[in-house]
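Enquirer: Quick one, upload06.cif (mmCIF, C-alpha atoms):
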data_run
loop_
_atom_site.label_atom_id
_atom_site.label_comp_id
_atom_site.auth_asym_id
_atom_site.auth_seq_id
_atom_site.Cartn_x
_atom_site.Cartn_y
_atom_site.Cartn_z
CA MET A 187 -18.53 -1.77 -2.55
CA THR A 188 -16.46 -3.29 -5.37
CA GLU A 189 -16.57 -6.85 -6.62
CA ASP A 190 -13.22 -7.54 -4.93
CA THR A 191 -14.53 -6.40 -1.56
CA ARG A 192 -17.61 -8.58 -1.91
CA LYS A 193 -15.36 -11.54 -2.71
CA SER A 194 -13.34 -11.07 0.46
CA GLY A 195 -16.47 -10.86 2.59
CA GLU A 196 -15.33 -7.69 4.33
CA ASN A 197 -14.22 -4.17 3.53
CA LYS A 198 -10.53 -4.95 4.12
CA PRO A 199 -8.88 -6.23 0.93
CA SER A 200 -5.28 -7.40 0.89
CA TRP A 201 -2.47 -7.50 -1.67
CA ARG A 202 0.10 -10.22 -2.29
CA MET A 203 3.37 -10.22 -4.16
CA ARG A 204 2.82 -13.16 -6.50
CA ASN A 205 5.92 -15.37 -6.35
CA ALA A 206 5.18 -18.42 -8.50
CA GLY A 207 5.47 -21.21 -5.99
CA ALA A 208 6.26 -19.08 -2.93
CA VAL A 209 3.11 -16.99 -2.47
CA ALA A 210 3.11 -14.97 0.75
CA ALA A 211 -0.08 -13.16 1.80
CA VAL A 212 0.30 -9.72 3.32
CA ALA A 213 -2.72 -7.80 4.67
CA LEU A 214 -2.83 -4.27 3.40
CA LEU A 215 -5.49 -1.71 2.85
CA ALA A 216 -8.61 -0.77 4.74
CA GLY A 217 -11.57 1.18 3.37
CA MET A 218 -12.08 0.76 -0.37
CA ALA A 219 -14.10 3.60 -1.87
CA ALA A 220 -16.89 3.21 -4.37
CA ALA A 221 -15.99 3.27 -8.08
CA PRO A 222 -17.92 4.66 -11.05
CA ALA A 223 -20.26 2.66 -13.27
CA ALA A 224 -19.06 0.30 -16.01
CA VAL A 225 -18.24 1.59 -19.48
CA ALA A 226 -19.64 -0.48 -22.36
CA GLY A 227 -17.58 -1.22 -25.47
CA PRO A 228 -18.27 -1.93 -29.15
CA ARG A 229 -18.47 -5.38 -30.67
CA GLY A 230 -16.06 -6.63 -33.27
CA ASP A 231 -13.18 -9.02 -33.89
CA ARG A 232 -10.17 -6.71 -34.17
CA ARG A 233 -7.15 -7.34 -31.93
CA GLY A 234 -7.08 -4.95 -29.00
CA GLU A 235 -10.70 -3.90 -29.42
CA VAL A 236 -12.38 -3.21 -26.08
CA VAL A 237 -15.36 -5.36 -25.14
CA SER A 238 -16.02 -3.87 -21.71
CA VAL A 239 -14.50 -1.73 -18.98
CA VAL A 240 -15.57 -2.47 -15.40
CA PRO A 241 -14.37 -0.54 -12.32
CA VAL A 242 -12.84 -2.78 -9.66
CA ALA A 243 -11.03 -0.54 -7.15
CA ARG A 244 -10.33 2.98 -5.98
CA HIS A 245 -7.70 4.01 -3.41
CA SER A 246 -6.38 7.26 -2.00
CA ARG A 247 -2.69 8.07 -2.05
CA ALA A 248 -2.54 7.40 1.68
CA GLU A 249 -4.07 3.93 1.23
CA VAL A 250 -1.61 3.07 -1.52
CA ALA A 251 1.28 4.29 0.63
CA ARG A 252 0.10 2.29 3.64
CA GLY A 253 -0.15 -0.90 1.63
CA LEU A 254 3.26 -0.51 0.01
CA GLU A 255 4.89 0.33 3.33
CA GLU A 256 3.59 -2.95 4.78
CA LEU A 257 5.27 -4.71 1.86
CA GLN A 258 8.44 -2.73 2.62
CA VAL A 259 8.30 -1.05 -0.78
CA GLY A 260 9.49 2.56 -0.96
CA THR A 261 6.81 5.20 -1.46
CA ASP A 262 8.80 8.31 -2.40
CA SER A 263 7.37 8.33 -5.95
CA LEU A 264 3.69 8.36 -4.87
CA ARG A 265 1.68 11.44 -5.83
CA TYR A 266 -1.94 10.48 -6.48
CA GLY A 267 -4.77 8.21 -5.56
CA VAL A 268 -5.66 5.52 -8.13
CA ARG A 269 -8.64 3.96 -9.90
CA ALA A 270 -8.51 0.48 -11.43
CA TYR A 271 -10.65 -1.15 -14.12
CA ARG A 272 -11.02 -4.64 -15.55
CA VAL A 273 -10.75 -4.40 -19.33
CA THR A 274 -12.04 -7.24 -21.51
CA TYR A 275 -10.57 -7.09 -25.01
CA ARG A 276 -10.18 -9.06 -28.21
CA THR A 277 -6.95 -10.88 -28.98
CA VAL A 278 -5.81 -14.18 -30.51
CA ASP A 279 -4.97 -17.57 -29.05
CA PRO A 280 -1.65 -19.42 -29.64
CA TYR A 281 -2.98 -20.62 -33.01
CA GLY A 282 -4.00 -17.14 -34.16
CA ARG A 283 -7.72 -17.73 -33.64
CA PRO A 284 -9.88 -14.91 -32.23
CA THR A 285 -10.49 -15.00 -28.49
CA THR A 286 -10.82 -12.60 -25.57
CA ALA A 287 -8.63 -11.79 -22.60
CA THR A 288 -8.81 -9.53 -19.58
CA GLY A 289 -6.39 -7.20 -17.86
CA LEU A 290 -6.17 -4.41 -15.32
CA LEU A 291 -6.00 -0.75 -16.32
CA THR A 292 -4.99 1.56 -13.47
CA LEU A 293 -5.09 5.35 -13.75
CA PRO A 294 -3.90 8.08 -11.40
CA GLU A 295 -6.52 10.30 -9.81
CA GLY A 296 -4.87 13.55 -10.75
CA GLY A 297 -2.08 14.84 -12.93
CA GLY A 298 -2.43 15.75 -16.56
CA ARG A 299 -5.01 14.48 -18.97
CA THR A 300 -2.28 12.91 -21.15
CA LEU A 301 -0.34 9.99 -19.68
CA ASP A 302 2.47 7.65 -20.60
CA LEU A 303 1.90 3.92 -20.09
CA VAL A 304 3.61 1.24 -18.03
CA SER A 305 3.21 -2.36 -19.17
CA ASP A 306 3.40 -4.61 -16.10
CA THR A 307 3.40 -8.37 -16.69
CA HIS A 308 2.86 -10.70 -13.73
CA GLY A 309 4.57 -13.86 -12.53
CA THR A 310 3.43 -17.48 -12.57
CA MET A 311 -0.19 -18.06 -11.52
CA THR A 312 -2.14 -21.29 -11.64
CA ASP A 313 -5.53 -20.07 -10.38
CA ARG A 314 -7.29 -17.75 -12.82
CA ALA A 315 -8.85 -15.92 -9.88
CA ASP A 316 -5.41 -14.66 -8.80
CA ALA A 317 -4.92 -12.50 -11.91
CA PRO A 318 -4.65 -8.69 -11.60
CA SER A 319 -8.05 -7.83 -13.05
CA VAL A 320 -9.76 -10.11 -10.51
CA ALA A 321 -7.63 -10.20 -7.35
CA GLU A 322 -6.99 -7.07 -5.31
CA ASP A 323 -3.92 -8.70 -3.83
CA ALA A 324 -2.17 -8.83 -7.24
CA ARG A 325 -2.21 -5.04 -7.80
CA ALA A 326 0.44 -3.51 -5.54
CA GLN A 327 2.83 -2.74 -8.40
CA SER A 328 0.05 -1.31 -10.59
CA TYR A 329 -0.95 1.03 -7.77
CA LEU A 330 2.68 2.08 -7.26
CA PHE A 331 3.20 3.08 -10.89
CA ALA A 332 -0.22 4.70 -11.27
CA SER A 333 0.20 6.70 -8.09
CA ALA A 334 3.48 7.96 -9.56
CA GLY A 335 1.50 9.41 -12.46
CA HIS A 336 1.51 6.68 -15.14
CA ALA A 337 -1.31 4.72 -16.68
CA VAL A 338 -0.65 1.02 -16.08
CA ALA A 339 -1.70 -1.93 -18.27
CA ALA A 340 -1.42 -5.30 -16.51
CA PRO A 341 -2.60 -8.17 -18.74
CA ASP A 342 -3.96 -11.31 -17.12
CA TYR A 343 -2.61 -13.35 -20.11
CA LEU A 344 -4.70 -15.93 -21.95
CA GLY A 345 -6.75 -18.30 -19.82
CA LEU A 346 -6.38 -16.30 -16.60
CA GLY A 347 -8.68 -13.71 -15.08
CA LYS A 348 -11.97 -13.77 -16.95
CA GLY A 349 -10.52 -15.05 -20.24
CA PRO A 350 -11.64 -18.42 -21.65
CA GLY A 351 -9.64 -21.64 -21.89
CA ARG A 352 -6.48 -22.79 -20.15
CA HIS A 353 -3.39 -20.66 -19.70
CA PRO A 354 -0.60 -21.53 -22.21
CA TYR A 355 2.07 -21.17 -19.54
CA MET A 356 5.44 -19.84 -20.73
CA ASP A 357 4.30 -19.58 -24.34
CA THR A 358 6.17 -16.41 -25.15
CA ARG A 359 4.43 -15.68 -28.43
CA SER A 360 0.88 -15.68 -27.08
CA ALA A 361 1.94 -13.84 -23.91
CA VAL A 362 3.27 -11.09 -26.16
CA THR A 363 0.16 -10.89 -28.35
CA ALA A 364 -2.10 -10.75 -25.29
CA SER A 365 0.12 -8.09 -23.68
CA VAL A 366 0.45 -5.96 -26.81
CA ASP A 367 -3.29 -6.14 -27.44
CA MET A 368 -3.82 -5.06 -23.82
CA LEU A 369 -1.78 -1.92 -24.60
CA ARG A 370 -4.15 -1.08 -27.44
CA ALA A 371 -7.18 -1.82 -25.28
CA ALA A 372 -5.79 0.29 -22.43
CA ARG A 373 -5.40 3.24 -24.78
CA THR A 374 -9.01 2.96 -25.94
CA ALA A 375 -10.40 2.40 -22.44
CA ALA A 376 -8.45 5.32 -21.01
CA GLY A 377 -9.86 7.53 -23.75
CA ARG A 378 -13.39 6.64 -22.73
CA LEU A 379 -12.47 7.54 -19.17
CA GLY A 380 -11.24 10.97 -20.18
CA ARG A 381 -7.48 10.33 -20.44
CA THR A 382 -5.21 10.04 -23.48
CA MET A 383 -1.92 8.20 -24.05
CA ASN A 384 1.13 10.04 -25.38
CA GLY A 385 2.60 6.81 -26.77
CA ASP A 386 5.58 6.52 -24.42
CA LEU A 387 5.84 2.96 -23.04
CA TYR A 388 7.81 1.59 -20.09
CA ALA A 389 7.92 -2.19 -19.72
CA THR A 390 8.43 -4.16 -16.53
CA GLY A 391 7.39 -7.52 -15.14
CA PHE A 392 8.26 -10.11 -12.55
CA SER A 393 9.34 -13.75 -12.88
CA GLN A 394 7.41 -15.20 -15.85
CA GLY A 395 6.42 -11.60 -16.46
CA GLY A 396 10.05 -10.49 -16.55
CA GLN A 397 10.66 -12.74 -19.52
CA VAL A 398 7.41 -11.49 -21.08
CA ALA A 399 8.43 -7.86 -20.52
CA MET A 400 11.63 -8.36 -22.50
CA ALA A 401 9.68 -9.93 -25.35
CA VAL A 402 7.02 -7.20 -25.26
CA GLY A 403 9.77 -4.60 -25.49
CA ARG A 404 11.13 -6.28 -28.58
CA ALA A 405 7.67 -6.43 -30.16
CA VAL A 406 7.00 -2.74 -29.49
CA GLN A 407 10.39 -1.62 -30.77
CA HIS A 408 9.84 -3.69 -33.92
CA GLY A 409 6.54 -1.94 -34.62
CA ASP A 410 4.00 -4.53 -33.41
CA ALA A 411 2.18 -1.92 -31.31
CA PRO A 412 1.64 1.08 -33.62
CA GLY A 413 1.47 4.35 -31.74
CA PHE A 414 3.67 3.21 -28.85
CA ARG A 415 7.35 4.09 -28.39
CA LEU A 416 9.48 2.00 -26.05
CA LYS A 417 11.30 4.24 -23.55
CA ALA A 418 12.83 1.88 -20.96
CA LEU A 419 12.90 -1.77 -19.84
CA ALA A 420 13.09 -2.94 -16.23
CA PRO A 421 12.17 -6.62 -15.77
CA VAL A 422 12.73 -8.46 -12.48
CA ALA A 423 13.90 -12.05 -11.95
CA GLY A 424 12.84 -13.36 -15.34
CA PRO A 425 13.64 -16.89 -16.63
CA TYR A 426 15.27 -15.51 -19.76
CA ASP A 427 17.55 -18.51 -20.32
CA LEU A 428 15.46 -21.67 -20.06
CA ALA A 429 17.72 -24.15 -21.82
CA GLU A 430 21.10 -23.23 -20.31
CA THR A 431 20.20 -21.80 -16.89
CA GLU A 432 16.67 -22.27 -15.58
CA VAL A 433 15.94 -25.86 -16.61
CA PRO A 434 19.36 -27.27 -15.59
CA ALA A 435 18.90 -25.49 -12.25
CA LEU A 436 15.88 -27.72 -11.61
CA ALA A 437 18.26 -30.68 -11.41
CA ASP A 438 21.34 -29.24 -9.69
CA GLY A 439 19.68 -27.69 -6.64
CA ARG A 440 19.74 -24.01 -7.59
CA VAL A 441 15.92 -24.08 -7.79
CA ASN A 442 14.21 -25.19 -4.58
CA ASP A 443 12.20 -28.42 -4.61
CA ILE A 444 8.71 -26.92 -4.22
CA SER A 445 9.10 -24.32 -6.95
CA GLY A 446 10.90 -26.78 -9.20
CA VAL A 447 8.03 -29.26 -9.03
CA LEU A 448 5.49 -26.53 -9.78
CA TYR A 449 7.42 -24.98 -12.65
CA ILE A 450 8.36 -28.12 -14.56
CA SER A 451 4.96 -29.76 -14.22
CA TYR A 452 3.12 -26.58 -15.29
CA PHE A 453 5.53 -26.07 -18.18
CA LEU A 454 5.27 -29.61 -19.49
CA VAL A 455 1.47 -29.83 -19.23
CA ALA A 456 0.87 -26.44 -20.86
CA GLN A 457 3.55 -26.70 -23.53
CA ASN A 458 2.53 -30.24 -24.50
CA ARG A 459 -0.70 -28.78 -25.87
CA LEU A 460 1.35 -26.55 -28.19
CA HIS A 461 4.52 -28.58 -28.82
CA PRO A 462 3.68 -32.25 -28.22
CA MET A 463 6.35 -33.88 -26.08
CA TYR A 464 4.36 -36.89 -24.86
CA LYS A 465 1.22 -38.80 -25.79
CA ASP A 466 0.57 -40.02 -22.27
CA PRO A 467 1.67 -38.26 -19.06
CA SER A 468 3.27 -41.51 -17.87
CA GLU A 469 5.99 -41.00 -20.49
CA VAL A 470 7.18 -37.98 -18.50
CA PHE A 471 5.73 -38.22 -14.98
CA ARG A 472 6.05 -41.07 -12.49
CA ALA A 473 3.08 -42.85 -10.93
CA PRO A 474 0.86 -41.82 -9.20
CA TYR A 475 1.46 -38.25 -10.37
CA ALA A 476 0.96 -39.03 -14.05
CA ASP A 477 -2.73 -39.74 -13.42
CA ARG A 478 -3.44 -36.40 -11.76
CA VAL A 479 -0.98 -33.82 -13.03
CA GLU A 480 -2.90 -32.53 -16.05
CA GLY A 481 -6.10 -32.04 -14.06
CA LEU A 482 -4.28 -29.90 -11.51
CA PHE A 483 -3.56 -27.23 -14.10
CA ASP A 484 -7.17 -26.43 -14.96
CA GLY A 485 -7.02 -22.81 -13.81
CA ARG A 486 -8.87 -23.52 -10.58
CA HIS A 487 -6.09 -24.81 -8.31
CA GLU A 488 -3.83 -22.67 -6.14
CA GLU A 489 -0.08 -23.32 -6.24
CA GLU A 490 -0.08 -24.75 -2.72
CA ASP A 491 -2.82 -27.24 -3.59
CA ILE A 492 -0.93 -28.40 -6.67
CA VAL A 493 2.40 -29.03 -5.00
CA ARG A 494 0.71 -30.95 -2.16
CA GLN A 495 -0.54 -33.47 -4.71
CA LEU A 496 2.75 -33.91 -6.55
CA ALA A 497 6.15 -35.34 -5.65
CA PRO A 498 8.36 -33.69 -3.02
CA ASN A 499 11.05 -32.95 -5.60
CA VAL A 500 11.68 -32.96 -9.34
CA ARG A 501 13.73 -36.17 -9.23
CA GLU A 502 10.77 -38.12 -7.80
CA LEU A 503 8.28 -36.40 -10.10
CA LEU A 504 9.83 -37.23 -13.47
CA THR A 505 10.71 -40.53 -15.09
CA ASP A 506 14.40 -41.42 -15.26
CA ASP A 507 14.56 -40.84 -19.00
CA PHE A 508 12.94 -37.44 -18.88
CA TYR A 509 14.87 -36.29 -15.82
CA LYS A 510 18.05 -36.67 -17.86
CA GLN A 511 16.66 -34.18 -20.35
CA LEU A 512 16.82 -31.38 -17.81
CA THR A 513 20.57 -31.19 -18.34
CA ARG A 514 20.68 -32.58 -21.89
CA PRO A 515 17.47 -31.61 -23.69
CA THR A 516 16.71 -33.51 -26.87
CA GLY A 517 13.96 -33.79 -29.44
CA ALA A 518 10.64 -32.07 -28.81
CA PHE A 519 11.66 -30.84 -25.36
CA ARG A 520 14.72 -29.08 -26.76
CA GLU A 521 12.66 -27.50 -29.52
CA THR A 522 10.06 -26.33 -27.00
CA LEU A 523 12.73 -24.61 -24.93
CA ARG A 524 14.21 -22.98 -28.00
CA ALA A 525 10.81 -21.72 -29.11
CA ASN A 526 10.47 -19.76 -25.86
CA ASP A 527 14.09 -18.78 -25.27
CA HIS A 528 14.87 -15.69 -27.35
CA SER A 529 13.51 -12.80 -25.29
CA CYS A 530 17.02 -11.28 -24.91
CA ASP A 531 18.27 -11.93 -28.44
CA TRP A 532 17.81 -8.37 -29.81
CA LYS A 533 19.14 -4.84 -29.42
CA PRO A 534 16.94 -2.51 -27.36
CA ASP A 535 17.43 1.13 -28.32
CA VAL A 536 16.52 2.21 -24.78
CA PRO A 537 18.11 1.86 -21.31
CA VAL A 538 17.67 -1.62 -19.82
CA ARG A 539 17.88 -2.59 -16.16
CA LEU A 540 17.68 -6.24 -15.13
CA TYR A 541 16.87 -6.71 -11.44
CA ALA A 542 17.66 -9.97 -9.61
CA GLY A 543 18.48 -11.38 -6.18
CA ASP A 544 21.48 -13.45 -5.04
CA ASN A 545 19.36 -15.85 -2.96
CA ASP A 546 16.65 -16.41 -5.55
CA THR A 547 15.97 -20.15 -5.65
CA ASP A 548 13.04 -19.83 -8.06
CA VAL A 549 14.80 -18.02 -10.90
CA PRO A 550 18.57 -17.99 -10.28
CA ILE A 551 20.40 -14.74 -10.93
CA GLY A 552 22.32 -16.46 -13.74
CA ASN A 553 19.28 -15.85 -15.93
CA ALA A 554 19.77 -12.09 -15.66
CA ARG A 555 23.51 -12.31 -16.23
CA THR A 556 23.08 -14.43 -19.35
CA CYS A 557 20.42 -12.06 -20.67
CA ALA A 558 22.69 -9.08 -20.04
CA ARG A 559 25.55 -10.69 -21.96
CA THR A 560 23.25 -11.53 -24.86
CA LEU A 561 21.88 -7.98 -25.01
CA ALA A 562 25.35 -6.45 -24.74
CA GLU A 563 26.58 -8.61 -27.61
CA GLN A 564 23.90 -6.92 -29.72
CA GLY A 565 25.14 -3.48 -28.64
CA ALA A 566 22.46 -2.74 -26.05
CA ARG A 567 22.91 -0.52 -22.98
CA VAL A 568 22.14 -2.81 -20.04
CA ARG A 569 22.81 -3.09 -16.32
CA VAL A 570 22.21 -5.98 -13.94
CA LEU A 571 21.12 -4.62 -10.57
CA ASP A 572 21.82 -7.20 -7.86
CA MET A 573 19.29 -6.70 -5.06
CA GLY A 574 21.55 -8.59 -2.65
CA PRO A 575 20.84 -11.65 -0.47
CA VAL A 576 17.09 -11.74 -1.12
CA ASP A 577 14.81 -14.48 -2.38
CA HIS A 578 12.48 -14.42 -5.38
CA GLY A 579 9.72 -12.28 -3.90
CA GLY A 580 12.29 -10.23 -2.00
CA SER A 581 14.01 -9.27 -5.24
CA TYR A 582 10.73 -7.84 -6.50
CA ARG A 583 9.96 -5.88 -3.36
CA ALA A 584 13.50 -4.52 -3.31
CA ALA A 585 13.34 -3.48 -6.98
CA LEU A 586 9.95 -1.81 -7.26
CA ALA A 587 10.70 1.63 -5.82
CA GLY A 588 13.84 1.88 -7.95
CA ILE A 589 11.90 0.93 -11.06
CA ALA A 590 9.36 3.67 -10.34
CA ARG A 591 12.18 6.21 -10.04
CA PHE A 592 13.86 4.83 -13.17
CA PHE A 593 10.69 5.18 -15.22
CA GLY A 594 10.10 8.65 -13.80
CA GLY A 595 13.49 9.83 -14.99
CA ALA A 596 14.03 7.71 -18.09
CA VAL A 597 13.10 10.49 -20.53
CA ALA A 598 16.05 12.54 -19.29
CA TRP A 599 18.61 9.74 -19.30
CA ARG A 600 19.97 10.70 -22.72
CA GLY A 601 21.30 7.27 -23.54
CA VAL A 602 22.95 6.43 -20.22
CA ALA A 603 21.60 3.21 -18.64
#
Could you express the structure from this file as structure tokens?

Expert:
Amino acid sequence: MTEDTRKSGENKPSWRMRNAGAVAAVALLAGMAAAPAAVAGPRGDRRGEVVSVVPVARHSRAEVARGLEELQVGTDSLRYGVRAYRVTYRTVDPYGRPTTATGLLTLPEGGGRTLDLVSDTHGTMTDRADAPSVAEDARAQSYLFASAGHAVAAPDYLGLGKGPGRHPYMDTRSAVTASVDMLRAARTAAGRLGRTMNGDLYATGFSQGGQVAMAVGRAVQHGDAPGFRLKALAPVAGPYDLAETEVPALADGRVNDISGVLYISYFLVAQNRLHPMYKDPSEVFRAPYADRVEGLFDGRHEEEDIVRQLAPNVRELLTDDFYKQLTRPTGAFRETLRANDHSCDWKPDVPVRLYAGDNDTDVPIGNARTCARTLAEQGARVRVLDMGPVDHGGSYRAALAGIARFFGGAVAWRGVA
């Protein structure tokens, strides 16, 4: 029995599509098989060095298919069963200081010894226990890609999973370093498990992770992950345009009240530690929320618990002066947005697909359209794939099977996106 099964109290784990503020539980698989013993790692302080590899799950192809079908995700790309491992590795914090992080490595049970690698970066999470390396219900997409024959590296990010400290939410730079170092760690861990990486990398991610995926692609193409070659990009519903699309949408109704309260409070609390915007929460948040908001983002509260203790909408959460900044950012707030707002300002040399939904009231589709224009201005080959009248989580479920097919055929695309 795996650690995840013990945590659930029964031998029937479930998966969830993590939707940052709209988290819907869906029961999935039955019968988790035993996994092999842990693999120890060397000590050291180099980025990407593996500290430990611990098995956390094993599923047959039929189990993966059954779970994805219940999520209404297509299964035509599935070929193998999968094994998943929690990898602890060395990386750096937002200040460049050595730290550790965790992530999920998933491998197909079958296929060739040499594999390409999918980088899958997850959406907003407030509870560290919801991260992929810990929670079985955060692994559906990893199982999909691994069953299709890829190795999959899904970083927890800093401060989530089993990593120390608090999560620096929406800090693009540290999300990239943690994700790139996870690629290196995944390569080493896979080698110890008898598989090798051929260096081909496919990057995807959802919501917060969509924005991270674009930035990871840029880092890999620019040589920040030696030995890896970017082959395709397929992020879903990412907040690529904070200053001009996502943040103004918090004030004009395009983002729903519950998600808006979660996003802006999480962003301000986490970013204030990196880019000081206030000395006291009361400068930004109204009473009584100012007294409790920072404690809610300690990595131990679920999204639902947080929003229950905050205002019913963004207007009642923020002070009058700061609410005005949502549409006209100034000073430290403007600089903070700018620091995290350049994930699409480059020219990918690979096909790019941006997936989004018309009825997404967490991350409006305008984010994808702005990103596409910015990429095209740099000469990139990019398509926006509108998933239709679906919400945030629905856009992800609708996109996943197509992404698996896209990655499966990307090598033969010959420059046509």

Enquirer: Could you spell out the hits of the PyMOL selection byres ((chain A and resi 474-488) around 8) on the shown file, as a list in words?

Expert: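 Expected selection for the PyMOL selection byres ((chain A and resi 474-488) around 8) here is Met311, Thr312, Asp313, Arg314, Ala315, Gly345, Leu346, Arg352, His353, Ser451, Tyr452, Val455, Pro467, Ser468, Val470, Phe471, Arg472, Ala473, Glu489, Glu490, Asp491, Ile492, Gln495, Leu496, Ala497 and Leu503 of chain A.
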
Enquirer: List the neighbours of A:Ala584 out to 9 Å using only C-alpha atoms; skip same-chain residues closer than 3 positions along the sequence, and give me the result as a PyMOL selection string.

Expert: chain A and resi 258-260+543+573+576+579-581+587-588

Enquirer: So how far away is atom CA of A:Asp577 from atom CA of A:Arg501, in Å?

Expert: 22.8 Å

Enquirer: From (-3.0, -6.7, -28.6), in the file's coordinates, out to 10 Å: which residues are reached, counting only C-alpha atoms? Answer as a VMD selection string.

Expert: chain A and resid 232 to 235 275 to 278 287 341 360 to 372 410 to 411

Enquirer: Work out how far atom CA of A:Val422 is from atom CA of A:Tyr541, in Å to one decimal.

Expert: 4.6 Å

Enquirer: With only C-alpha atoms as the counted atoms, please give the residues lying no more than 8 Å from A:Leu454, apart from itself and same-chain residues fewer than 4 positions off, as an mmCIF file with C-alpha atoms, keeping the file's coordinate frame.

Expert:
data_model
loop_
_atom_site.group_PDB
_atom_site.id
_atom_site.type_symbol
_atom_site.label_atom_id
_atom_site.label_comp_id
_atom_site.auth_asym_id
_atom_site.auth_seq_id
_atom_site.Cartn_x
_atom_site.Cartn_y
_atom_site.Cartn_z
ATOM 1 C CA ILE A 450 8.360 -28.120 -14.560
ATOM 2 C CA ASN A 458 2.530 -30.240 -24.500
ATOM 3 C CA MET A 463 6.350 -33.880 -26.080
#

Enquirer: Between atom CA of A:Pro534 and atom CA of A:Ala401, what distance in Å does the model show, to one decimal?

Expert: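 These atoms are spaced 10.6 Å apart.
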
Enquirer: Could you list, as a ChimeraX atom specification, every residue within 6 Å of stretch 544-547 of chain A, counting all atoms listed in the file and ignoring same-chain residues fewer than 2 positions away?

Expert: /A:440-442,549-550,574-578

Enquirer: Have a look at A:Gly595, A:Tyr343, A:Lys348, A:Thr522 and name the one nearest to A:Arg459; count only C-alpha atoms.

Expert: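 Closest to A:Arg459 of all the choices is A:Thr522.
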
Enquirer: Between A:Asp342, A:Asp386, A:Asp548, A:Asp506, which residue has the minimum interatomic distance to A:Thr431, considering only C-alpha atoms?

Expert: A:Asp548

Enquirer: For A:Asp507, which of A:Glu469, A:Pro294, A:Thr382, A:Ala326 is the closest residue, counting only C-alpha atoms?

Expert: A:Glu469

Enquirer: Which of these, A:Leu512, A:Leu344, A:Leu416, A:Leu293, has the shortest distance to A:Ser246 once you count all atoms listed in the file?

Expert: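 Nearest to A:Ser246: A:Leu293.
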
Enquirer: Which residues come within 7 Å of A:Ala332, counting only C-alpha atoms, excluding same-chain residues fewer than 3 positions away, as a JSON list (two decimals) with C-alpha atoms, in the frame of the given file?

Expert:
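Dumped everything to result-v3.json:
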[["chain", "number", "residue", "atom", "x", "y", "z"],
["A", 268, "VAL", "CA", -5.66, 5.52, -8.13],
["A", 292, "THR", "CA", -4.99, 1.56, -13.47],
["A", 293, "LEU", "CA", -5.09, 5.35, -13.75],
["A", 294, "PRO", "CA", -3.90, 8.08, -11.40],
["A", 328, "SER", "CA", 0.05, -1.31, -10.59],
["A", 329, "TYR", "CA", -0.95, 1.03, -7.77],
["A", 335, "GLY", "CA", 1.50, 9.41, -12.46],
["A", 336, "HIS", "CA", 1.51, 6.68, -15.14],
["A", 337, "ALA", "CA", -1.31, 4.72, -16.68],
["A", 338, "VAL", "CA", -0.65, 1.02, -16.08]]

Enquirer: Can you find the residues with an atom no farther than 6 Å from (-10.3, -8.1, -18.1), counting all atoms listed in the file, and report them as a PyMOL selection string?

Expert: chain A and resi 272-274+288-289+319

Enquirer: I want to know what sits within 10 Å of A:Arg524, based on all atoms listed in the file, with residues of the same chain fewer than 5 positions away left out; could you give that as a list in words?

Expert: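 In the requested form, the answer reads Asp427, Leu428, Ala429, Ala518 and Phe519 of chain A.
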
Enquirer: Tell me which of A:Val320, A:Ala405, A:Ile589, A:Ala423 sits closest to A:Lys533, counting only C-alpha atoms.

Expert: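 The closest residue to A:Lys533 is A:Ala405.
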
Enquirer: So, with all atoms listed in the file as the atoms that count, which of A:Leu571, A:Leu436, A:Val250, A:Leu387 lies closest to A:Leu504?

Expert: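 Smallest distance to A:Leu504 is found for A:Leu436.
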
Enquirer: Selection in question (the file shown): the PyMOL selection byres ((chain A and resi 305) around 7). Which residues does it include, as a PDB file with C-alpha atoms, keeping the file's coordinate frame?

Expert:
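The new file expr22.pdb reads:
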ATOM      1  CA  LEU A 303       1.900   3.920 -20.090  1.00  0.00           C
ATOM      2  CA  VAL A 304       3.610   1.240 -18.030  1.00  0.00           C
ATOM      3  CA  ASP A 306       3.400  -4.610 -16.100  1.00  0.00           C
ATOM      4  CA  THR A 307       3.400  -8.370 -16.690  1.00  0.00           C
ATOM      5  CA  VAL A 338      -0.650   1.020 -16.080  1.00  0.00           C
ATOM      6  CA  ALA A 339      -1.700  -1.930 -18.270  1.00  0.00           C
ATOM      7  CA  ALA A 340      -1.420  -5.300 -16.510  1.00  0.00           C
ATOM      8  CA  TYR A 388       7.810   1.590 -20.090  1.00  0.00           C
ATOM      9  CA  ALA A 389       7.920  -2.190 -19.720  1.00  0.00           C
ATOM     10  CA  THR A 390       8.430  -4.160 -16.530  1.00  0.00           C
TER      11      THR A 390
END
